[in-house]
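Taking it in order: structure first as structure tokens, then the write-up.
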Amino acid sequence: MISRHTTLGPLLDAHPVLVDVLAGYHAGFVRLRDPRTRKVMAARVTVAQAASMAGVAPDELLGVICRALGEPVPEPEPDAGEGAAPGREPRPAALAALPASAIVHLDVREDIARGAEPFAKIMGAVKSLGGGRVLVLRAPFEPIPLYDVLGTRGLAHWTERHAADDWSVWFYPSTTVLDVRGLEPPQPMVAVLEALDRLAPGERLEVVHDRRPMFLYPQLDERGFAHETDEREPGVVRIVIRRKADAG
């Protein structure tokens, strides 16, 4: 049964008529008529993500697809914000202050135009990040599926739309720093656990402590968090914490 979680690529391969149906339904899907673009654009995109990329409601797009194929239209699902495009917020101050040497640029527009899959190239660029560097990805459409993929690697994103077929997405480390030095027990542990309750998927918490918090580690393990401790100088201990699912 087709749902908003169905991947669009295999669906179009099995039902080529859907290409013209979608292209006629919304201008955002006209590019699917190009086999090279369709090969890259739809390969990993779900129905819900495709709807977000076109700016339509997921259940509306699902209804169009199901009716075109003579399939029953599923009951509307609660909107969990899956794959939804973010608001167009101003550029974060941390990005505006970055020097040019800290920015890694990768333009995959030509790759996609000739039907080449850019995923390996993108992940290679991500692996090269470090030392506070960020990746600016240039693409002919908003790469919404990448948000979840790179979010699990601790990268947040900020998106720019230059034109309907020209997008830049900034991927940068998403880390919240919490300094608990000087606090009396159990205040450091309480502060850390409260901060973890607010931790968004893909985000990391960096705790600055004046000692290794031995009683905190079992609490983190029990709650499903991975953690790494680094003591680079006396009296300054840094613990990076993330969800185990994100760490994996």
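By convention here, the chains of the structure tokens are called A, B, ... in the order presented, each chain's residues are numbered starting at 1, and ligands are numbered starting at 1 in the order presented.
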
Val208 in chain A: which residues within 8 Å, counting only C-alpha atoms, same-chain residues fewer than 4 positions away excluded, as a PyMOL selection string? chain A and resi 177-181+236-239

Excluding same-chain residues fewer than 6 positions from range 213-222 of chain A, what lies within 12 Å of it counting only C-alpha atoms, as a list in words? Val180, Arg181, Pro185, Pro186, Gln187, Pro188, Met189, Val190, Ala191, Val192, Leu193, Leu196, Asp197, Leu205, Val207, Glu228, Thr229, Asp230, Glu231, Val236, Val237, Arg238, Ile239, Val240, Ile241, Arg242, Arg243 and Lys244 of chain A

Would you save the residues from that selection as an mmCIF file, in the first residue's frame, using N, CA and C atoms?
```
data_model
loop_
_atom_site.group_PDB
_atom_site.id
_atom_site.type_symbol
_atom_site.label_atom_id
_atom_site.label_comp_id
_atom_site.auth_asym_id
_atom_site.auth_seq_id
_atom_site.Cartn_x
_atom_site.Cartn_y
_atom_site.Cartn_z
ATOM 1 N N VAL A 180 29.562 23.540 33.539
ATOM 2 C CA VAL A 180 29.045 23.289 34.892
ATOM 3 C C VAL A 180 30.159 23.390 35.932
ATOM 4 N N ARG A 181 31.289 23.946 35.562
ATOM 5 C CA ARG A 181 32.396 24.067 36.510
ATOM 6 C C ARG A 181 31.998 24.994 37.663
ATOM 7 N N PRO A 185 27.560 19.592 43.678
ATOM 8 C CA PRO A 185 26.700 18.436 43.405
ATOM 9 C C PRO A 185 25.393 18.555 44.202
ATOM 10 N N PRO A 186 24.245 18.124 43.614
ATOM 11 C CA PRO A 186 24.121 17.437 42.320
ATOM 12 C C PRO A 186 23.782 18.376 41.170
ATOM 13 N N GLN A 187 24.058 19.667 41.318
ATOM 14 C CA GLN A 187 23.660 20.634 40.290
ATOM 15 C C GLN A 187 24.225 20.327 38.908
ATOM 16 N N PRO A 188 25.512 19.922 38.787
ATOM 17 C CA PRO A 188 26.012 19.613 37.440
ATOM 18 C C PRO A 188 25.212 18.507 36.753
ATOM 19 N N MET A 189 24.916 17.414 37.468
ATOM 20 C CA MET A 189 24.165 16.320 36.858
ATOM 21 C C MET A 189 22.758 16.768 36.480
ATOM 22 N N VAL A 190 22.107 17.519 37.355
ATOM 23 C CA VAL A 190 20.757 18.006 37.064
ATOM 24 C C VAL A 190 20.764 18.879 35.816
ATOM 25 N N ALA A 191 21.744 19.776 35.714
ATOM 26 C CA ALA A 191 21.825 20.677 34.566
ATOM 27 C C ALA A 191 22.042 19.902 33.267
ATOM 28 N N VAL A 192 22.899 18.875 33.326
ATOM 29 C CA VAL A 192 23.173 18.074 32.130
ATOM 30 C C VAL A 192 21.928 17.311 31.697
ATOM 31 N N LEU A 193 21.254 16.650 32.619
ATOM 32 C CA LEU A 193 20.075 15.856 32.272
ATOM 33 C C LEU A 193 18.941 16.738 31.754
ATOM 34 N N LEU A 196 19.815 17.595 28.192
ATOM 35 C CA LEU A 196 19.602 16.457 27.290
ATOM 36 C C LEU A 196 18.134 16.280 26.951
ATOM 37 N N ASP A 197 17.249 16.663 27.860
ATOM 38 C CA ASP A 197 15.816 16.584 27.569
ATOM 39 C C ASP A 197 15.434 17.517 26.427
ATOM 40 N N LEU A 205 25.655 17.615 22.828
ATOM 41 C CA LEU A 205 25.854 18.449 24.012
ATOM 42 C C LEU A 205 27.299 18.293 24.465
ATOM 43 N N VAL A 207 29.685 19.126 27.452
ATOM 44 C CA VAL A 207 29.701 19.530 28.850
ATOM 45 C C VAL A 207 31.139 19.856 29.257
ATOM 46 N N GLU A 228 31.758 10.737 25.063
ATOM 47 C CA GLU A 228 33.215 10.698 24.939
ATOM 48 C C GLU A 228 33.797 11.763 25.852
ATOM 49 N N THR A 229 34.805 11.390 26.623
ATOM 50 C CA THR A 229 35.411 12.309 27.581
ATOM 51 C C THR A 229 36.842 12.624 27.162
ATOM 52 N N ASP A 230 37.177 13.904 27.244
ATOM 53 C CA ASP A 230 38.508 14.357 26.863
ATOM 54 C C ASP A 230 39.013 15.325 27.930
ATOM 55 N N GLU A 231 40.193 15.054 28.476
ATOM 56 C CA GLU A 231 40.779 15.914 29.497
ATOM 57 C C GLU A 231 42.118 16.423 28.963
ATOM 58 N N VAL A 236 39.967 20.778 33.494
ATOM 59 C CA VAL A 236 39.016 21.047 32.415
ATOM 60 C C VAL A 236 38.721 19.726 31.692
ATOM 61 N N VAL A 237 37.547 19.186 31.943
ATOM 62 C CA VAL A 237 37.115 17.924 31.338
ATOM 63 C C VAL A 237 35.952 18.220 30.398
ATOM 64 N N ARG A 238 36.042 17.740 29.173
ATOM 65 C CA ARG A 238 34.975 17.947 28.190
ATOM 66 C C ARG A 238 34.332 16.607 27.872
ATOM 67 N N ILE A 239 33.004 16.565 27.982
ATOM 68 C CA ILE A 239 32.244 15.349 27.669
ATOM 69 C C ILE A 239 31.285 15.674 26.527
ATOM 70 N N VAL A 240 31.456 15.009 25.377
ATOM 71 C CA VAL A 240 30.553 15.192 24.236
ATOM 72 C C VAL A 240 29.519 14.089 24.290
ATOM 73 N N ILE A 241 28.255 14.483 24.308
ATOM 74 C CA ILE A 241 27.152 13.530 24.480
ATOM 75 C C ILE A 241 26.216 13.623 23.283
ATOM 76 N N ARG A 242 25.807 12.470 22.773
ATOM 77 C CA ARG A 242 24.831 12.418 21.697
ATOM 78 C C ARG A 242 24.023 11.138 21.839
ATOM 79 N N ARG A 243 22.877 11.098 21.196
ATOM 80 C CA ARG A 243 22.091 9.877 21.229
ATOM 81 C C ARG A 243 22.827 8.764 20.508
ATOM 82 N N LYS A 244 22.690 7.531 21.008
ATOM 83 C CA LYS A 244 23.389 6.413 20.381
ATOM 84 C C LYS A 244 22.958 6.215 18.944
#
```

Name the residues in contact with range 129-146 of chain A at a cut-off of 9 Å, using only C-alpha atoms, excluding same-chain residues fewer than 5 positions from it; report them as a ChimeraX atom specification. /A:41,44-46,49-50,52-53,83-85,95,98,101-110,112-113,122,151,159-161,163-173

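Among A:Val40, A:Leu32, A:Leu11, A:Cys66, the residue with the shortest atom-to-atom distance to Gly115 in chain A, counting only C-alpha atoms, is A:Val40.
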
Contact residues around Leu62 in chain A with only C-alpha atoms at 9 Å, ignoring same-chain residues under 4 positions, as a ChimeraX atom specification: /A:2-4,47-48,51,57-58,66-67,73-74

Can I get the selected residues back with N, CA and C atoms, as a compact mmCIF listing (two decimals), in the first residue's frame?
```
# COMPACT_ATOMS: atom_id res chain seq x y z
N ILE A 2 0.54 2.19 -0.86
CA ILE A 2 1.32 3.41 -0.98
C ILE A 2 1.02 4.31 0.21
N SER A 3 2.09 4.88 0.78
CA SER A 3 1.92 5.79 1.90
C SER A 3 2.85 6.98 1.70
N ARG A 4 2.79 7.93 2.62
CA ARG A 4 3.68 9.09 2.54
C ARG A 4 5.13 8.69 2.76
N VAL A 47 7.47 10.16 -0.56
CA VAL A 47 6.34 10.97 -1.01
C VAL A 47 6.22 12.22 -0.14
N ALA A 48 6.38 12.06 1.18
CA ALA A 48 6.27 13.21 2.08
C ALA A 48 7.36 14.23 1.80
N ALA A 51 6.67 16.08 -1.41
CA ALA A 51 5.64 17.10 -1.19
C ALA A 51 6.24 18.35 -0.57
N ALA A 57 0.97 19.80 0.58
CA ALA A 57 0.72 18.94 1.73
C ALA A 57 0.98 17.48 1.36
N PRO A 58 1.65 16.71 2.24
CA PRO A 58 1.95 15.31 1.94
C PRO A 58 0.71 14.49 1.59
N CYS A 66 -2.32 8.11 -5.50
CA CYS A 66 -3.20 6.96 -5.32
C CYS A 66 -4.34 6.97 -6.33
N ARG A 67 -4.94 8.12 -6.55
CA ARG A 67 -6.04 8.19 -7.50
C ARG A 67 -5.56 7.92 -8.92
N VAL A 73 -7.08 5.75 -1.23
CA VAL A 73 -6.36 6.84 -0.58
C VAL A 73 -6.36 6.59 0.92
N PRO A 74 -5.18 6.48 1.54
CA PRO A 74 -5.11 6.22 2.98
C PRO A 74 -5.70 7.37 3.79
```

Could you tell me how far CA of Asp20 in chain A sits from CA of Gly55 in chain A, in Å to one decimal place? 18.3 Å

Tell me, in Å to one decimal, how far CA of Asp59 in chain A is from CA of Thr37 in chain A. 24.3 Å

Rank A:Ala116, A:Ala14, A:Thr152, A:Ala68 by their smallest atom-to-atom distance to Arg36 in chain A, using only C-alpha atoms, and report the top residue only. A:Ala116

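Distance annotation: of A:Met1, A:Val126, A:Phe29, A:Ala100, the residue with the minimal separation from Leu69 in chain A is A:Met1; atom set is only C-alpha atoms.
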
Across A:His157, A:Arg212, A:Gly235, A:Pro35, the smallest distance to Arg91 in chain A, with only C-alpha atoms counted, is shown by A:His157

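For range 102-165 of chain A, backbone-based DSSP assignment of strand (DSSP E) covers A:Ile103, A:Val104, A:His105, A:Leu106, A:Asp107, A:Val134, A:Leu135, A:Val136, A:Leu137, A:Arg138, A:Ala139, A:Leu155, A:Ala156, A:His157, A:Trp158, A:Thr159, A:Glu160, A:Arg161, A:His162, A:Ala163.
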
Serialized selection, N, CA and C atoms, as a CSV table (one decimal), in the first residue's frame:
```
chain,number,residue,atom,x,y,z
A,103,ILE,N,35.1,27.4,5.1
A,103,ILE,CA,34.0,26.9,4.3
A,103,ILE,C,34.4,26.0,3.2
A,104,VAL,N,33.8,24.8,3.1
A,104,VAL,CA,34.1,23.9,2.1
A,104,VAL,C,32.9,23.9,1.1
A,105,HIS,N,33.2,24.3,-0.1
A,105,HIS,CA,32.1,24.4,-1.1
A,105,HIS,C,32.1,23.2,-2.0
A,106,LEU,N,30.8,22.7,-2.3
A,106,LEU,CA,30.6,21.6,-3.2
A,106,LEU,C,29.4,21.9,-4.0
A,107,ASP,N,29.6,21.9,-5.3
A,107,ASP,CA,28.5,22.2,-6.3
A,107,ASP,C,28.2,20.9,-7.1
A,134,VAL,N,32.7,24.1,7.8
A,134,VAL,CA,31.3,23.8,7.4
A,134,VAL,C,31.3,23.5,5.9
A,135,LEU,N,30.2,22.8,5.5
A,135,LEU,CA,30.0,22.5,4.1
A,135,LEU,C,28.9,23.3,3.5
A,136,VAL,N,29.1,23.9,2.4
A,136,VAL,CA,28.1,24.6,1.6
A,136,VAL,C,27.8,23.8,0.3
A,137,LEU,N,26.6,23.2,0.3
A,137,LEU,CA,26.3,22.4,-0.9
A,137,LEU,C,25.4,23.2,-1.8
A,138,ARG,N,25.7,23.2,-3.1
A,138,ARG,CA,24.9,23.9,-4.1
A,138,ARG,C,24.2,22.8,-5.0
A,139,ALA,N,22.9,22.9,-5.1
A,139,ALA,CA,22.2,21.9,-5.8
A,139,ALA,C,21.0,22.5,-6.5
A,155,LEU,N,25.2,17.3,12.3
A,155,LEU,CA,25.2,18.5,11.5
A,155,LEU,C,23.9,19.1,11.4
A,156,ALA,N,23.8,20.4,11.7
A,156,ALA,CA,22.6,21.2,11.5
A,156,ALA,C,22.6,21.8,10.1
A,157,HIS,N,21.6,22.4,9.6
A,157,HIS,CA,21.6,23.0,8.3
A,157,HIS,C,20.9,24.3,8.3
A,158,TRP,N,21.3,25.2,7.3
A,158,TRP,CA,20.6,26.4,7.0
A,158,TRP,C,20.5,26.5,5.5
A,159,THR,N,19.3,26.9,5.0
A,159,THR,CA,19.0,26.7,3.6
A,159,THR,C,18.8,28.1,2.9
A,160,GLU,N,19.4,28.3,1.7
A,160,GLU,CA,19.2,29.5,0.9
A,160,GLU,C,18.6,29.0,-0.4
A,161,ARG,N,17.5,29.7,-0.9
A,161,ARG,CA,16.9,29.5,-2.2
A,161,ARG,C,17.3,30.7,-3.1
A,162,HIS,N,18.2,30.5,-4.1
A,162,HIS,CA,18.5,31.5,-5.0
A,162,HIS,C,17.5,31.6,-6.1
A,163,ALA,N,17.0,30.5,-6.6
A,163,ALA,CA,16.0,30.4,-7.6
A,163,ALA,C,15.4,29.0,-7.5
```

What separation in Å, quoted to one decimal, exists between CA of His26 in chain A and CA of Ala54 in chain A? 7.5 Å
